[in-house]
Amino acid sequence: MDLTWNEFERTDMRVGTIIEVNDFPEARKPAFQLTIDFGVEIGIRKSSAQITKRYKKEDLLNRQIVAVVNFPKKQIGKFMSECLVLGAVGEEEGDVILLAPDFKISNGLRIG
């Protein structure tokens with residue numbers, strides 16, 4: 001099914017910086033709990049991400065990523081996910097490569 005331009009424009013993708021990374025042992029699949037700074041307009045959001053195969057916690061801290069910030073919140077166990085971190089799914093099970101800007105830019109910049 002094709003996506004219309006108007007539907008695409010409703011997807012609010014923003015750049016944010018990961019400011020905290022925690023293990024998520026309650027998750028069904030290995031994952032981290034991320035706290036992400038999206039700048040003044042959007043603020044701080046939390047997300048869980050199944051990115052433990054490729055990334056260590058120390059690799060993620062202060063890393064910029066791209067996320068969708070206008071999805072409804074999603075309860076994952078006792079954790080409330082407030083955005084969807086975007087990544088390319090690798091050829092191996094559980095291998096996700098995060099989408100990120102090539103250069104350090106301001107948190108909250110819109111992808112479009």
# chains A, B, ... in the order shown; residues from 1 in each chain; ligands from 1
>>> residues_around(residues="Ala27 in chain A", least_positions_apart="3", cutoff="10 Å", atoms="only C-alpha atoms", output="number ranges by chain")
A: 23-24, 30-33, 48-50, 76-79
>>> write_last_selection(atoms="N, CA and C atoms", output="PDB file, in the first residue's frame")
ATOM      1  N   ASP A  23      19.811  -1.170  31.321  1.00  0.00           N
ATOM      2  CA  ASP A  23      19.405  -2.512  30.934  1.00  0.00           C
ATOM      3  C   ASP A  23      17.888  -2.641  31.105  1.00  0.00           C
ATOM      4  N   PHE A  24      17.284  -3.541  30.354  1.00  0.00           N
ATOM      5  CA  PHE A  24      15.838  -3.782  30.433  1.00  0.00           C
ATOM      6  C   PHE A  24      15.621  -5.283  30.580  1.00  0.00           C
ATOM      7  N   PRO A  30      16.132  -9.121  24.311  1.00  0.00           N
ATOM      8  CA  PRO A  30      17.126  -8.216  24.894  1.00  0.00           C
ATOM      9  C   PRO A  30      16.960  -6.782  24.374  1.00  0.00           C
ATOM     10  N   ALA A  31      16.936  -5.831  25.315  1.00  0.00           N
ATOM     11  CA  ALA A  31      16.705  -4.434  24.951  1.00  0.00           C
ATOM     12  C   ALA A  31      17.329  -3.512  25.988  1.00  0.00           C
ATOM     13  N   PHE A  32      17.464  -2.247  25.601  1.00  0.00           N
ATOM     14  CA  PHE A  32      17.869  -1.187  26.518  1.00  0.00           C
ATOM     15  C   PHE A  32      16.706  -0.230  26.709  1.00  0.00           C
ATOM     16  N   GLN A  33      16.675   0.422  27.864  1.00  0.00           N
ATOM     17  CA  GLN A  33      15.789   1.555  28.100  1.00  0.00           C
ATOM     18  C   GLN A  33      16.618   2.807  27.836  1.00  0.00           C
ATOM     19  N   SER A  48      12.291   2.100  24.548  1.00  0.00           N
ATOM     20  CA  SER A  48      13.074   0.869  24.657  1.00  0.00           C
ATOM     21  C   SER A  48      13.501   0.497  23.240  1.00  0.00           C
ATOM     22  N   ALA A  49      14.655  -0.117  23.148  1.00  0.00           N
ATOM     23  CA  ALA A  49      15.178  -0.464  21.830  1.00  0.00           C
ATOM     24  C   ALA A  49      15.909  -1.802  21.898  1.00  0.00           C
ATOM     25  N   GLN A  50      15.590  -2.670  20.961  1.00  0.00           N
ATOM     26  CA  GLN A  50      16.229  -3.982  20.874  1.00  0.00           C
ATOM     27  C   GLN A  50      17.501  -3.853  20.037  1.00  0.00           C
ATOM     28  N   ILE A  76       5.342  -1.199  27.868  1.00  0.00           N
ATOM     29  CA  ILE A  76       6.130  -2.400  27.640  1.00  0.00           C
ATOM     30  C   ILE A  76       6.528  -2.907  29.024  1.00  0.00           C
ATOM     31  N   GLY A  77       5.771  -3.856  29.532  1.00  0.00           N
ATOM     32  CA  GLY A  77       5.968  -4.296  30.914  1.00  0.00           C
ATOM     33  C   GLY A  77       5.660  -3.142  31.853  1.00  0.00           C
ATOM     34  N   LYS A  78       6.600  -2.827  32.722  1.00  0.00           N
ATOM     35  CA  LYS A  78       6.430  -1.709  33.645  1.00  0.00           C
ATOM     36  C   LYS A  78       6.972  -0.400  33.072  1.00  0.00           C
ATOM     37  N   PHE A  79       7.461  -0.444  31.830  1.00  0.00           N
ATOM     38  CA  PHE A  79       8.115   0.700  31.198  1.00  0.00           C
ATOM     39  C   PHE A  79       7.185   1.340  30.165  1.00  0.00           C
TER      40      PHE A  79
END
>>> select_by_dssp(residues="range 8-39 of chain A", states="alpha helix (DSSP H)", output="number ranges by chain")
A: 8-10, 39
>>> closest_residue(among="A:Ser81, A:Val66, A:Ile44, A:Leu86", to="Asp102 in chain A", atoms="only C-alpha atoms")
A:Val66
>>> residues_around(residues="Asn62 in chain A", least_positions_apart="4", cutoff="10 Å", atoms="only C-alpha atoms", output="number ranges by chain")
A: 16-21, 36-37, 58
>>> atom_distance(atom1="CA of Ile111 in chain A", atom2="CA of Glu7 in chain A")
14.4 Å
>>> residues_around(residues="Leu98 in chain A", least_positions_apart="2", cutoff="12 Å", atoms="only C-alpha atoms", output="list in words")
Val15, Ile18, Ala49, Gln50, Ile51, Thr52, Lys53, Arg54, Tyr55, Asp59, Leu60, Arg63, Gln64, Ile65, Val66, Ala67, Leu84, Val85, Leu86, Gly87, Ala88, Val89, Gly90, Asp95, Val96, Ala100, Pro101 and Asp102 of chain A
